[in-house]
Amino acid sequence: MSLPNGSDELDVLVVGAGFSGIHQLYHFRKLGYSVKVFEAASDLGGVWSHGYPGCRVDSDHPLYQLSLPELWEDFIWKERYPGWRELNEYFQYIDRKLDVKRDVLFNTTVVAARFDQEINRWMVTTESGLVVRPRFLVLCVGFASKSYTPEFQGLERFEGICHHTAHWPQEGVELRNKRVGVVGTGASGVQVIQEVGPEVSHLTVFQRTPNMALPMRQKNLDNKSQEQQKVLYPSMFRRSKQTGGGFPYERYPKTLFSATLEERLLHWENLWAQGGFHFTVSNFNDILMNEDANREVYNFWRDKVRERIHDSRIQELLAPTIPPHPLGAKRCSLEQSYYEVFNQPNVTLVDLNESDISEVTSKGILTKDGVEHEFDVLVLATGFDSITGSLTQIDIRGIDGVSIAEKWANGVYTNLGMTCANFPNMFFIYGAQAPTAFSNGPTCIEIQGEWIVRCIRHMKENDLTAIYPTPEAEAEWRALVMNTGYRALVNNAKSWYVGANIPGKTVEPLNYTGGVNQYLAIIEGIAERGYEGFGFM
Ligand code: N01
């Protein structure tokens, strides 16, 4: 089987049609290269096809979009934090503007890839048996495309409806007046809980670790002010690439203890009122490095949240006196009415630390204290084999026959968070050892995407057919990621940031924590010095 046009050769095969895949397609088309995108789902948008109740982005307007002027000039957003439906409308708009779908093969899952050294091309195989031979393979599969379901005993016995948030049926699930159980209180869990809490007959939430959720301060956007703000977009997008977090916001230029108590309180109240990640991204500049400073921020957060919860037992479970981990070491979610939901009489919060899940029964969940919690619908908001799982689930093998999964079994090795030694002509975006989890998505995606396009263009212009990072460069990059990562407080929490959410996964910093701006400076320097650390053929 070959591509619809009869040829199996391409300059570039992009895998994944979310933000990064579309960005790659746009640039390679512009250069006149032959390029196709293979997408496992039936439409554009990557994770935004998940569509579970309450699913919405938590980067605020206008930063969660591609910075290509032909896309933002006319598009009008409705909400400061758009929901999945609006994001899907945006992807359909992109298609109307750029005619993206013409080059995307949907329902096409890449299952394997081998590099043929005779011809310096990848041989890529899909689930349906399609084989293509691109010169370059660019994996745009995001950091959350492999969902994680814990091995709960008896899960298959549950007689009600059960879905992981990442596999929510496209047609939706009727939850009104149903008894619903939700396992997990990460970003997905928080969104489901606050959305369905008011409409279900009973909600049972199973919590292991409380989420240090921040107020979203959602609002509707009006067309006029949005149009007026557009003049600022180019500088906002540029500025985003010059900051640590990929947002055009600055860290407060002081350490916490160098400020007076009045100054701290004033600053925090201001950030709290702004909503969203302002509270973490624009806080004092040492809160993610200094545990004592972090504790002060936690105390402010805890007291604010407790004011909204009526019951003192629930207060202690949702916003404990002693933090379970530093604030921000595990990802803070954004919430709108999360804490109020727990004041409702139809909501039960089960503390799994007191009594863990024993098994799933035909009617619900049995906890170790012998209580059987019954429901009609069970929602598993239990997350992802984040960062690495998206790549390790594909059987991609390098020139030594070793797969990515095998290569990363005891720790991740990449060069610049975009390439791997022994995997020539393979690039990936928004994954391991890049700023990914610590950055605004589109900012990180564009920085890496532009670097890859520039690199491939350099090769085409110089008649080079293969590029590979040296093992020495890879070891150096790993050392930098580890050194910066272990200095940050993210290691003081068991989360997907460090792979601790997946039993048996090697626990280590999975992303580069030095900041988007530093990352950009490093990768640009490498390109300017003739792709230092890389070999060419
Ligand atoms: O997954 P998570 P997520 N028994 O891993 C619990 C992005 N995202 O899908 O914390 C009981 O954060 C687990 O408990 P604990 C975003 O980057 C973005 O929510 O390990 N519970 C935790 O509460 C986000 O951070 C958006 O103690 C178990 C939950 O399941 C990332 O995706 C929306 C368990 C998993 O939380 C992942 O978020 C959604 C067990 N055996 C996602 N195993 C937005 O943009 C796990 N848990 C808003």
# chains A, B, ... in the order shown; residues from 1 in each chain; ligands from 1

$ select_by_dssp --residues "region 187-280 of chain A" --states "helix (DSSP H, G or I)" --output "compact mmCIF listing (two decimals) with C-alpha atoms, in the first residue's frame"
# COMPACT_ATOMS: atom_id res chain seq x y z
CA ALA A 187 -6.36 18.86 35.87
CA SER A 188 -8.84 16.48 34.22
CA GLY A 189 -10.49 15.47 37.50
CA VAL A 190 -10.92 19.06 38.69
CA GLN A 191 -12.60 20.00 35.41
CA VAL A 192 -14.97 17.04 35.41
CA ILE A 193 -15.87 17.50 39.09
CA GLN A 194 -16.74 21.19 38.87
CA GLU A 195 -18.68 20.66 35.65
CA VAL A 196 -20.81 17.67 36.63
CA ASN A 223 -15.17 41.40 19.76
CA LYS A 224 -14.33 45.09 19.94
CA SER A 225 -11.67 44.96 22.64
CA GLN A 226 -10.27 41.81 21.09
CA GLU A 227 -9.88 43.58 17.75
CA GLN A 228 -8.21 46.52 19.48
CA GLN A 229 -5.80 44.23 21.33
CA LYS A 230 -4.64 42.56 18.13
CA VAL A 231 -2.17 45.33 17.45
CA LEU A 232 -0.26 44.03 20.48
CA TYR A 233 -0.25 40.39 19.45
CA PRO A 234 3.06 40.37 17.54
CA SER A 235 4.92 41.81 20.51
CA MET A 236 3.07 39.52 22.95
CA PHE A 237 4.02 36.45 20.96
CA ARG A 238 7.62 37.64 20.63
CA ARG A 239 7.83 38.47 24.32
CA SER A 240 6.47 35.02 25.24
CA LEU A 256 10.22 36.25 48.69
CA PHE A 257 12.01 36.96 51.95
CA SER A 258 13.53 40.15 50.58
CA LEU A 261 4.96 41.10 54.55
CA GLU A 262 2.86 44.01 53.20
CA GLU A 263 4.58 43.81 49.84
CA ARG A 264 4.03 40.05 49.66
CA LEU A 265 0.36 40.28 50.54
CA LEU A 266 -0.26 43.11 48.11
CA HIS A 267 1.46 41.23 45.32
CA TRP A 268 -0.34 37.96 46.04
CA GLU A 269 -3.76 39.62 46.24
CA ASN A 270 -3.07 41.25 42.92
CA LEU A 271 -2.03 37.95 41.30
CA TRP A 272 -5.00 36.17 42.87
CA ALA A 273 -7.35 38.74 41.37
CA GLN A 274 -5.77 38.37 37.92
CA HIS A 278 -0.22 34.60 37.14
CA PHE A 279 -0.12 33.31 40.71
CA THR A 280 2.74 30.90 39.96

$ residues_near_ligand --ligand "ligand 1" --cutoff "6 Å" --atoms "only C-alpha atoms and all ligand atoms" --output "list of chain:residue names"
A:Arg56, A:Val57, A:Asp58, A:Pro150, A:Val183, A:Gly184, A:Thr185, A:Gly186, A:Ala187, A:Ser188, A:Gly189, A:Arg208, A:Thr209, A:Arg331, A:Ala381, A:Thr382, A:Gly383, A:Phe384, A:Trp496, A:Asn501

$ closest_residue --among "A:Leu25, A:Leu334, A:Leu349, A:Ile394" --to "Arg217 (chain A)" --atoms "only C-alpha atoms"
A:Leu334

$ closest_residue --among "A:Phe428, A:Trp72, A:Tyr413, A:Phe438" --to "Phe91 (chain A)" --atoms "only C-alpha atoms"
A:Trp72

$ closest_residue --among "A:Thr443, A:Gln65, A:Asn283, A:Thr419" --to "Gly398 (chain A)" --atoms "only C-alpha atoms"
A:Thr419

$ residues_around --residues "Tyr486 (chain A)" --least-positions-apart "6" --cutoff "12 Å" --atoms "only C-alpha atoms" --output "PDB file with C-alpha atoms, in the first residue's frame"
ATOM      1  CA  LEU A 288       9.966  27.046  42.927  1.00  0.00           C
ATOM      2  CA  MET A 289      13.518  26.768  44.299  1.00  0.00           C
ATOM      3  CA  ALA A 329       5.841  21.003  42.302  1.00  0.00           C
ATOM      4  CA  ARG A 478      21.032  14.995  29.682  1.00  0.00           C
ATOM      5  CA  ALA A 479      23.472  16.302  32.293  1.00  0.00           C
ATOM      6  CA  LEU A 480      22.149  19.850  31.849  1.00  0.00           C
ATOM      7  CA  ASN A 492       9.645  17.029  45.860  1.00  0.00           C
ATOM      8  CA  ALA A 493       6.349  15.697  44.520  1.00  0.00           C
ATOM      9  CA  TYR A 497       6.590  15.886  35.817  1.00  0.00           C
ATOM     10  CA  VAL A 498       9.138  13.289  36.958  1.00  0.00           C
ATOM     11  CA  VAL A 507      11.801   8.796  38.247  1.00  0.00           C
ATOM     12  CA  GLU A 508      13.865  11.774  37.094  1.00  0.00           C
ATOM     13  CA  PRO A 509      13.268  15.297  35.749  1.00  0.00           C
ATOM     14  CA  LEU A 510      11.583  14.723  32.398  1.00  0.00           C
ATOM     15  CA  ASN A 511      11.639  18.304  31.153  1.00  0.00           C
ATOM     16  CA  TYR A 512      14.156  21.097  30.886  1.00  0.00           C
ATOM     17  CA  THR A 513      13.442  23.487  33.761  1.00  0.00           C
ATOM     18  CA  GLY A 514      15.887  26.235  32.751  1.00  0.00           C
TER      19      GLY A 514
END

$ residues_around --residues "Gln242 (chain A)" --least-positions-apart "6" --cutoff "12 Å" --atoms "only C-alpha atoms" --output "list in words"
Ser235, Met236, Pro248, Tyr249, Glu250, Ser439, Thr443, Cys444, Ile447, Gly515, Val516, Asn517, Gln518, Tyr519, Leu520 and Ala521 of chain A

$ closest_residue --among "A:Ile287, A:Ala144, A:Leu352, A:Cys55" --to "Leu489 (chain A)" --atoms "only C-alpha atoms"
A:Ile287

$ residues_around --residues "Ser128 (chain A)" --least-positions-apart "6" --cutoff "12 Å" --atoms "only C-alpha atoms" --output "JSON, numbers by chain"
{"A": [1, 2, 38, 40, 105, 106, 107, 108, 109, 110, 111, 112]}

$ write_last_selection --atoms "N, CA and C atoms" --output "PDB file, in the first residue's frame"
ATOM      1  N   MET A   1       0.850  -1.210   0.000  1.00  0.00           N
ATOM      2  CA  MET A   1       0.000   0.000   0.000  1.00  0.00           C
ATOM      3  C   MET A   1       0.883   1.258   0.000  1.00  0.00           C
ATOM      4  N   SER A   2       0.526   2.269  -0.742  1.00  0.00           N
ATOM      5  CA  SER A   2       1.331   3.488  -0.724  1.00  0.00           C
ATOM      6  C   SER A   2       0.412   4.696  -0.559  1.00  0.00           C
ATOM      7  N   PHE A  38       0.258  12.149   9.313  1.00  0.00           N
ATOM      8  CA  PHE A  38      -0.543  10.978   9.688  1.00  0.00           C
ATOM      9  C   PHE A  38      -1.134  11.254  11.072  1.00  0.00           C
ATOM     10  N   ALA A  40      -3.831   9.750  14.061  1.00  0.00           N
ATOM     11  CA  ALA A  40      -4.586   8.580  14.522  1.00  0.00           C
ATOM     12  C   ALA A  40      -6.084   8.886  14.659  1.00  0.00           C
ATOM     13  N   LEU A 105      -3.692  12.453   6.587  1.00  0.00           N
ATOM     14  CA  LEU A 105      -4.392  11.163   6.523  1.00  0.00           C
ATOM     15  C   LEU A 105      -4.900  10.863   7.927  1.00  0.00           C
ATOM     16  N   PHE A 106      -6.227  10.928   8.088  1.00  0.00           N
ATOM     17  CA  PHE A 106      -6.819  10.676   9.407  1.00  0.00           C
ATOM     18  C   PHE A 106      -6.990   9.173   9.630  1.00  0.00           C
ATOM     19  N   ASN A 107      -7.313   8.831  10.863  1.00  0.00           N
ATOM     20  CA  ASN A 107      -7.505   7.417  11.252  1.00  0.00           C
ATOM     21  C   ASN A 107      -6.293   6.584  10.828  1.00  0.00           C
ATOM     22  N   THR A 108      -5.138   7.180  10.900  1.00  0.00           N
ATOM     23  CA  THR A 108      -3.909   6.541  10.446  1.00  0.00           C
ATOM     24  C   THR A 108      -2.907   6.541  11.602  1.00  0.00           C
ATOM     25  N   THR A 109      -2.782   5.405  12.243  1.00  0.00           N
ATOM     26  CA  THR A 109      -1.913   5.296  13.424  1.00  0.00           C
ATOM     27  C   THR A 109      -0.562   4.730  13.034  1.00  0.00           C
ATOM     28  N   VAL A 110       0.485   5.476  13.329  1.00  0.00           N
ATOM     29  CA  VAL A 110       1.835   4.976  13.050  1.00  0.00           C
ATOM     30  C   VAL A 110       2.202   3.970  14.136  1.00  0.00           C
ATOM     31  N   VAL A 111       2.594   2.772  13.718  1.00  0.00           N
ATOM     32  CA  VAL A 111       2.923   1.742  14.720  1.00  0.00           C
ATOM     33  C   VAL A 111       4.419   1.431  14.770  1.00  0.00           C
ATOM     34  N   ALA A 112       5.145   1.680  13.665  1.00  0.00           N
ATOM     35  CA  ALA A 112       6.568   1.323  13.672  1.00  0.00           C
ATOM     36  C   ALA A 112       7.348   2.209  12.708  1.00  0.00           C
TER      37      ALA A 112
END

$ residues_around --residues "Asn88 (chain A)" --least-positions-apart "3" --cutoff "9 Å" --atoms "only C-alpha atoms" --output "list in words"
Leu44, Gly45, Trp48, Ser49, Gly83, Trp84, Arg85, Phe91, Gln92 and Tyr93 of chain A

$ residues_around --residues "Met212 (chain A)" --least-positions-apart "5" --cutoff "8 Å" --atoms "only C-alpha atoms" --output "PDB file with N, CA and C atoms, in the first residue's frame"
ATOM      1  N   TRP A 301      -2.304  30.479  49.755  1.00  0.00           N
ATOM      2  CA  TRP A 301      -3.250  29.709  48.930  1.00  0.00           C
ATOM      3  C   TRP A 301      -4.234  28.938  49.832  1.00  0.00           C
ATOM      4  N   ALA A 319      -7.383  21.391  51.400  1.00  0.00           N
ATOM      5  CA  ALA A 319      -6.324  22.404  51.591  1.00  0.00           C
ATOM      6  C   ALA A 319      -5.687  22.162  52.973  1.00  0.00           C
ATOM      7  N   LEU A 327       3.923  23.931  46.575  1.00  0.00           N
ATOM      8  CA  LEU A 327       2.955  24.434  45.592  1.00  0.00           C
ATOM      9  C   LEU A 327       3.668  24.613  44.246  1.00  0.00           C
ATOM     10  N   GLY A 328       3.095  24.033  43.213  1.00  0.00           N
ATOM     11  CA  GLY A 328       3.702  24.139  41.876  1.00  0.00           C
ATOM     12  C   GLY A 328       4.618  22.965  41.551  1.00  0.00           C
ATOM     13  N   ARG A 331       1.472  19.981  39.122  1.00  0.00           N
ATOM     14  CA  ARG A 331       0.833  21.058  38.366  1.00  0.00           C
ATOM     15  C   ARG A 331      -0.440  21.556  39.051  1.00  0.00           C
ATOM     16  N   CYS A 332      -0.502  22.840  39.291  1.00  0.00           N
ATOM     17  CA  CYS A 332      -1.715  23.454  39.827  1.00  0.00           C
ATOM     18  C   CYS A 332      -2.727  23.496  38.681  1.00  0.00           C
ATOM     19  N   SER A 333      -3.966  23.135  38.976  1.00  0.00           N
ATOM     20  CA  SER A 333      -4.999  23.271  37.951  1.00  0.00           C
ATOM     21  C   SER A 333      -5.643  24.633  38.085  1.00  0.00           C
TER      22      SER A 333
END

$ closest_residue --among "A:Asn220, A:Asn343, A:Gln393, A:Thr470" --to "Thr414 (chain A)" --atoms "only C-alpha atoms"
A:Thr470

$ closest_residue --among "A:Ala473, A:Leu378, A:Ile365, A:Ala500" --to "His163 (chain A)" --atoms "only C-alpha atoms"
A:Leu378
